[in-house]
Amino acid sequence: MPKILLFRVAPDLSASLLSELARAGYDVAAPESADVRTVLQQQPDLILLQTDVRTLDCCGLLTQLKGNEATAPVKIILLADGGPLERSRALDLGADDVLSIPFERVELFARVRAQLREKAPDDRLRLEVLDAKRKEHEAEAALAAIVTQKETGNKRWIALGVVAALAVIGVGIAVRNAQVSRKSNASLVLQLQSLRSQILTQDQLLERAQKSREAQSLELSASVSKQLEGLRAESADLRKQISAATGSSLADLDSHLKQTDSRIGKLENESRIAQEIVRDYSNSVCLIYSIVGFRDRKSGARLMFAGIDANGNPLVDEKGNVIVTTEGGSRPVHLHVFGSGFLIDNAGHILTNHHVLQPWWHNAVPVPSEAFEPTIESMWAYFPEYETPLPVRVRGLNEDFDLGLATVDLPKSRPRPVAIDQQAPISGSPVVLIGYPTGVEGILARIDEPTLKQIARAAGNDPEGLVQELGRRKLIRPLVTQGHLGVVGPDRLVYDAQTTHGGSGGPVFDASGKVIGVNFAVLSDFSGSNFAVPISRATSMLETSKRRADADLGQLRSAQ
């Protein structure tokens with residue numbers, strides 16, 4: 001029997017809904033406390049939350065519920081006063097659905113059923129994820145046991161799918177933060193188990209690019225341009241209705257039209273602001289591409305594929321598991337990870353995330369077992385309009401906030417550093433996010449088919465060569481999304497500008513064209529809760545780096 005909680009619902013409405021939902025076969029309750037603890041105790045399938053969208057009084061609770069791994073699957077329907085403007089705002093805040101008060105009971109019940117139907121396959125997937133996670137731990141334990149035995153002769157360690165999948169290209173950096181939902185990690189486990197190696201044939205490359213293109217189209221379906229297109233169509237339809245309306249209906253239609261036109265004007269202004277930011281700073285946002293290898297913590301030996309077959313694929317055992325070893329081997333096991341960063345000064349400082357510069361931080365990417373130590377084999381920054389990648393040097397890693405500082409040697413025709421805004425941002429204000437969501441796959445998705453085939457032929461089966469070829473053709477360009485700030489806290493900003501893995505480390509701009517935060521996390525399948533570290537938290541890192549640079553320069557001059 002599905003369980004439904006009523007949060008903050010007015011007494012009269014609550015009493016009627018309790019009886020009607022109970023008669024409909026639901027287990028329903030209206031607890032006094034409306035918080036995460038109550039949800040964890042009650043474990044509902046759906047919440048009906050009454051709110052005043054204009055005051056954003058539900059924003060904090062929505063963020064907490066959707067940002068918690070245990071409560072994120074719960075469906076939330078907002079019961080809000082107002083019309084289309086308030087309903088659209090409620091959806092932007094992260095609700096799964098919204099219904100204006102007053103409403104028809106039959107419509108509410110239909111929406112409840114629809115949300116529960118949508119939740120059912122997600123529940124099944126979560127059970128599969130838990131089972132996959134259990135198998136992953138078993139695989140790691142088995143690998144660790146084999147390593148501990150130190151058997152003589154040729155060692156062939158079966159990584160049971162986990163190590164094999166470490167070599168896949170395009171697994172952008174998954175979101176990871178100790179305080180953020182680990183839902184993405186569970187999804188990554190499933191993805192890793194289904195993939196086999198770092199080798200992509202030309203056909204596979206084209207197929208994955210097409211899938212990325214389709215996924216990207218779905219992700220951006222709620223973009224500003226789409227919203228404007230819908231609002232303009234709505235405005236035109238309202239004008240037609242007004243021309244034939246009379247009496248009270250004319251007044252209602254006229255009010256609706258004014259609201260719609262107001263939203264169009266607001267979105268057009270925000271779109272203009274975004275275009276200016278893109279013009280000024282898109283070339284300042286770089287793709288950070290890292291190759292991670294693994295070494296035995298005791299011997300220092302590299303983790304390698306035991307061999308390669310005639311088609312260039314890693315050898316597998318009779319069960320289809322890739323065979324790896326630390327004795328000999330044909331090719332190192334590598335993980336290719338992607339993130340974003342942005343230039344903050346003319347000295348070549350790049351601000352990004354800790355987990356971009358150290359991909360295994362907080363388990364952002366999987367490690368075969370505790371017996372192996374992840375190492376950065378290489379790290380490059382690719383700036384738009386520049387053919388040659390720049391080697392990245394790590395300068396600082398913040399353990400309290402997901403922030404990282406690096407440097408590159410800039411070319412003479414250097415990109416323009418971003419401007420930073422130290423003033424506290426305002427909730428509800430527009431934001432623009434620039435980055436490289438899905439890493440290289442997002443870039444491939446925007447390339448026309450003939451060019452993509454040329455790149456596939458040139459790169460062959462080499463992932464690193466693929467990225468280099470994209471850079472040589474100046475095809476590495478970031479994506480831009482728009483949204484609004486929801487929660488402004490001392491340690492994080494919450495906003496609804498859409499992104500996904502690989503977008504970590506990208507700058508969040510305010511309407512003045514200045515950076516107010518560093519994107520560090522995205523809650524999958526929930527566009528209302530993307531997170532950034534406020535730029536003020538990076539100030540101390542920048543000051544420390546400058547002091548070190550000045551000290552190094554002083555020592556160099558003294559030595560001369």
# chains A, B, ... in the order shown; residues from 1 in each chain; ligands from 1
>>> select_by_dssp(residues="stretch 423-507 of chain A", states="strand (DSSP E or B)", output="ChimeraX atom specification")
/A:430-435,479-488,493-495,507
>>> residues_around(residues="A:Tyr495", least_positions_apart="3", cutoff="10 Å", atoms="only C-alpha atoms", output="PyMOL selection string")
chain A and resi 63+92-94+427-433+482-488+492+498+508+519+522+527-532
>>> residues_around(residues="A:Ser413", least_positions_apart="6", cutoff="12 Å", atoms="only C-alpha atoms", output="list in words")
Asn283, Asn346, Phe383, Glu385 and Tyr386 of chain A
>>> atom_distance(atom1="atom CA of A:His362", atom2="atom CA of A:Phe520")
12.5 Å
>>> atom_distance(atom1="atom CA of A:Glu469", atom2="atom CA of A:Ile447")
12.8 Å
>>> closest_residue(among="A:Asn398, A:Ser504, A:Thr407, A:Ser282", to="A:Ile350", atoms="only C-alpha atoms")
A:Thr407
>>> atom_distance(atom1="atom CA of A:Gly312", atom2="atom CA of A:His336")
18.0 Å
>>> residues_around(residues="A:Thr260", least_positions_apart="4", cutoff="10 Å", atoms="only C-alpha atoms", output="short mmCIF file (atom, residue, chain, number, x, y, z; two decimals) with C-alpha atoms, in the first residue's frame")
data_model
loop_
_atom_site.label_atom_id
_atom_site.label_comp_id
_atom_site.auth_asym_id
_atom_site.auth_seq_id
_atom_site.Cartn_x
_atom_site.Cartn_y
_atom_site.Cartn_z
CA PRO A 84 0.92 29.60 -14.28
CA LEU A 85 3.75 31.82 -13.02
CA LEU A 231 5.61 31.26 -23.83
CA ARG A 232 5.44 33.08 -27.16
CA GLU A 234 0.99 30.80 -25.33
CA SER A 235 0.94 34.59 -25.72
CA LEU A 238 -4.14 34.21 -25.52
CA ASP A 254 -5.98 39.81 -20.09
CA SER A 255 -4.42 39.14 -16.66
CA HIS A 256 -2.99 35.86 -17.90
CA ILE A 264 8.79 36.58 -21.83
CA GLY A 265 10.44 39.95 -21.14
CA LYS A 266 12.29 38.53 -18.14
#
>>> closest_residue(among="A:Leu18, A:Leu303, A:Ile426, A:Ala30", to="A:Gly489", atoms="only C-alpha atoms")
A:Ile426
>>> residues_around(residues="A:Ala95", least_positions_apart="6", cutoff="8 Å", atoms="only C-alpha atoms", output="MDAnalysis selection string")
chainID A and resid 62 75:78 528
>>> closest_residue(among="A:Trp361, A:Arg295, A:Ile47, A:Arg126", to="A:Val98", atoms="only C-alpha atoms")
A:Ile47
>>> residues_around(residues="A:Asp400", least_positions_apart="6", cutoff="10 Å", atoms="only C-alpha atoms", output="list in words")
His354, Asp491 and Arg537 of chain A
